[in-house]
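Q: Here it is, the structure in full.
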Amino acid sequence: MEIIIKDIPEEGKEFFFDAASDGWFRDTLNAALPQMIQKEDEGKAAFYLLRTGANVDVRGDVACNYHPACIRCLKVFKNHLDCPIHLTLAPLYESERQIKLESKDEVALVKEDLEFSYYEGESFPLSDLIREQVILAVPIQPLCKKNCKGLCQQCGKDLNLGPCGCKAHHEHHRWDALKGFKPAK
Ligand SMILES: [Zn+2]
Ligand SMILES: [Zn+2]
């Protein structure tokens, strides 16, 4: 999905996408969340693009359901991602100057700088932008629930379904190991 910048009217333009009907959008979600999008998972996006001088102001929201695997119990579960997007795209020649400034003093990187991206030529691929933003927004360590008990490291049983025979033994040793790491209050 390529956005031609000169085609964005003076007053800006709204875009709506639905993974059920926009194949490229579904492909983009699939690329951002590999193997995590199931057939019935809904995906929607809304954008408002506005030109401000040579820049393009991009405001939008990407929302979808997806199925990650819990890092503790390995169960695949349904999750919802809501990814608000707001960034400014500048022509590449502007950005190069910015990158030079940033590399001189990387510590000075503030949030505003991170929400600044660039486009090259007369258009920009909205699909790439969506993919990058979704990858940034998705939790790196998904949990099926906050207090997921995970699998017993000894017998592999899913401890959310109840204790296993080796649990007591296991827990005992786990707390022993933690004792030395307790921070002083
Ligand atoms: Zn889990
Ligand atoms: Zn066990």
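Just so we're on the same page: first chain in the structure tokens is A, next is B, and so on; residues restart at 1 for each chain, and ligands are numbered from 1 in the order they show up.
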Name the residues, by chain letter and number, that sit within 9 Å of ligand 2 using only C-alpha atoms and all ligand atoms, and give them as a PDB file with C-alpha atoms, in the first residue's frame.

A:
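Output file pocket_33.pdb is given in full below:
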ATOM      1  CA  LEU A 151       4.931 -25.521  33.214  1.00  0.00           C
ATOM      2  CA  CYS A 152       6.656 -27.651  35.830  1.00  0.00           C
ATOM      3  CA  GLN A 153      10.290 -27.661  34.797  1.00  0.00           C
ATOM      4  CA  GLN A 154      10.620 -31.224  35.986  1.00  0.00           C
ATOM      5  CA  CYS A 155       7.586 -33.065  34.573  1.00  0.00           C
ATOM      6  CA  GLY A 156       6.276 -30.468  32.089  1.00  0.00           C
ATOM      7  CA  LYS A 157       2.750 -30.363  33.493  1.00  0.00           C
ATOM      8  CA  ASP A 158       0.757 -27.154  32.983  1.00  0.00           C
ATOM      9  CA  LEU A 159       0.545 -25.926  36.578  1.00  0.00           C
ATOM     10  CA  PRO A 163      -0.280 -29.071  41.007  1.00  0.00           C
ATOM     11  CA  CYS A 164       1.867 -31.957  39.845  1.00  0.00           C
ATOM     12  CA  GLY A 165       3.551 -34.563  42.026  1.00  0.00           C
ATOM     13  CA  CYS A 166       6.915 -32.830  42.042  1.00  0.00           C
ATOM     14  CA  LYS A 167       5.642 -29.317  42.787  1.00  0.00           C
ATOM     15  CA  ALA A 168       6.426 -29.071  46.506  1.00  0.00           C
ATOM     16  CA  HIS A 170      10.411 -27.806  43.127  1.00  0.00           C
TER      17      HIS A 170
END

Q: What's the 6 Å shell around segment 34-41 of chain A, counting only C-alpha atoms, without same-chain residues fewer than 6 positions away, as number ranges by chain?

A: A: 65-68

Q: Just want the residues within 10 Å of ligand 1, written as a VMD selection string, counting only C-alpha atoms and all ligand atoms.

A: chain A and resid 69 to 77 142 to 151 158 to 160

Q: Per DSSP on the backbone, filter segment 14-159 of chain A down to the residues in helix (DSSP H, G or I) and report them as a ChimeraX atom specification.

A: /A:23-32,92-104,106-108,111-114,126-137,159

Q: If we count only C-alpha atoms and set the cut-off at 10 Å, which residues sit around Leu89 of chain A, ignoring sequence neighbours fewer than 5 positions away in its own chain? Please answer as a PyMOL selection string.

A: chain A and resi 51-52+54-58+94-95+115-120+124

Q: Could you write out the selected residues, including N, CA, C and O atoms, as a PDB file, in the first residue's frame?

A:
ATOM      1  N   ARG A  51      -0.742  16.869   5.094  1.00  0.00           N
ATOM      2  CA  ARG A  51       0.541  17.446   4.683  1.00  0.00           C
ATOM      3  C   ARG A  51       0.784  18.732   5.447  1.00  0.00           C
ATOM      4  O   ARG A  51      -0.102  19.585   5.561  1.00  0.00           O
ATOM      5  N   THR A  52       1.983  18.870   6.001  1.00  0.00           N
ATOM      6  CA  THR A  52       2.351  20.132   6.648  1.00  0.00           C
ATOM      7  C   THR A  52       3.683  20.535   6.027  1.00  0.00           C
ATOM      8  O   THR A  52       4.729  20.023   6.402  1.00  0.00           O
ATOM      9  N   ALA A  54       6.530  20.196   3.659  1.00  0.00           N
ATOM     10  CA  ALA A  54       7.044  19.021   2.961  1.00  0.00           C
ATOM     11  C   ALA A  54       6.814  17.754   3.780  1.00  0.00           C
ATOM     12  O   ALA A  54       7.046  16.646   3.304  1.00  0.00           O
ATOM     13  N   ASN A  55       6.370  17.918   5.026  1.00  0.00           N
ATOM     14  CA  ASN A  55       6.163  16.760   5.900  1.00  0.00           C
ATOM     15  C   ASN A  55       4.759  16.179   5.762  1.00  0.00           C
ATOM     16  O   ASN A  55       3.849  16.834   5.282  1.00  0.00           O
ATOM     17  N   VAL A  56       4.631  14.948   6.229  1.00  0.00           N
ATOM     18  CA  VAL A  56       3.308  14.327   6.298  1.00  0.00           C
ATOM     19  C   VAL A  56       3.064  13.914   7.742  1.00  0.00           C
ATOM     20  O   VAL A  56       3.871  13.199   8.339  1.00  0.00           O
ATOM     21  N   ASP A  57       1.976  14.420   8.298  1.00  0.00           N
ATOM     22  CA  ASP A  57       1.592  14.074   9.656  1.00  0.00           C
ATOM     23  C   ASP A  57       0.700  12.830   9.587  1.00  0.00           C
ATOM     24  O   ASP A  57      -0.314  12.841   8.906  1.00  0.00           O
ATOM     25  N   VAL A  58       1.123  11.786  10.253  1.00  0.00           N
ATOM     26  CA  VAL A  58       0.385  10.520  10.203  1.00  0.00           C
ATOM     27  C   VAL A  58      -0.207  10.231  11.579  1.00  0.00           C
ATOM     28  O   VAL A  58       0.521  10.085  12.555  1.00  0.00           O
ATOM     29  N   GLU A  94      15.831  16.098   4.768  1.00  0.00           N
ATOM     30  CA  GLU A  94      15.681  16.678   6.113  1.00  0.00           C
ATOM     31  C   GLU A  94      16.165  15.691   7.162  1.00  0.00           C
ATOM     32  O   GLU A  94      16.835  16.054   8.115  1.00  0.00           O
ATOM     33  N   SER A  95      15.782  14.418   6.970  1.00  0.00           N
ATOM     34  CA  SER A  95      16.088  13.398   7.956  1.00  0.00           C
ATOM     35  C   SER A  95      17.582  13.159   8.069  1.00  0.00           C
ATOM     36  O   SER A  95      18.105  12.919   9.141  1.00  0.00           O
ATOM     37  N   GLU A 115       9.557   9.580  17.113  1.00  0.00           N
ATOM     38  CA  GLU A 115       8.304   9.603  16.378  1.00  0.00           C
ATOM     39  C   GLU A 115       8.448  10.353  15.062  1.00  0.00           C
ATOM     40  O   GLU A 115       7.490  10.821  14.473  1.00  0.00           O
ATOM     41  N   PHE A 116       9.668  10.438  14.644  1.00  0.00           N
ATOM     42  CA  PHE A 116       9.995  11.160  13.436  1.00  0.00           C
ATOM     43  C   PHE A 116      10.570  10.155  12.450  1.00  0.00           C
ATOM     44  O   PHE A 116      11.505   9.435  12.770  1.00  0.00           O
ATOM     45  N   SER A 117       9.983  10.041  11.291  1.00  0.00           N
ATOM     46  CA  SER A 117      10.507   9.111  10.303  1.00  0.00           C
ATOM     47  C   SER A 117      10.671   9.848   8.972  1.00  0.00           C
ATOM     48  O   SER A 117      10.519  11.063   8.941  1.00  0.00           O
ATOM     49  N   TYR A 118      10.960   9.142   7.906  1.00  0.00           N
ATOM     50  CA  TYR A 118      11.161   9.852   6.646  1.00  0.00           C
ATOM     51  C   TYR A 118      10.555   9.118   5.470  1.00  0.00           C
ATOM     52  O   TYR A 118      10.209   7.944   5.552  1.00  0.00           O
ATOM     53  N   TYR A 119      10.394   9.818   4.401  1.00  0.00           N
ATOM     54  CA  TYR A 119       9.994   9.187   3.147  1.00  0.00           C
ATOM     55  C   TYR A 119      10.971   9.589   2.073  1.00  0.00           C
ATOM     56  O   TYR A 119      11.660  10.599   2.169  1.00  0.00           O
ATOM     57  N   GLU A 120      11.027   8.745   1.062  1.00  0.00           N
ATOM     58  CA  GLU A 120      11.958   8.974  -0.035  1.00  0.00           C
ATOM     59  C   GLU A 120      11.148   9.107  -1.311  1.00  0.00           C
ATOM     60  O   GLU A 120      10.240   8.309  -1.542  1.00  0.00           O
ATOM     61  N   PHE A 124       5.196   7.003   0.082  1.00  0.00           N
ATOM     62  CA  PHE A 124       5.750   6.151   1.142  1.00  0.00           C
ATOM     63  C   PHE A 124       4.853   4.936   1.326  1.00  0.00           C
ATOM     64  O   PHE A 124       3.644   5.003   1.109  1.00  0.00           O
TER      65      PHE A 124
END

Q: Identify, on the basis of only C-alpha atoms, every residue whose closest approach to segment 15-32 of chain A does not exceed 8 Å; exclude the query and any residue fewer than 2 positions from it along the same chain; express the result as a PyMOL selection string.

A: chain A and resi 1+13+34-37+42-48+127-128+130-132+134-135

Q: Hey, can you check how far atom CA of Pro139 of chain A sits from atom CA of Asn79 of chain A?

A: 10.4 Å
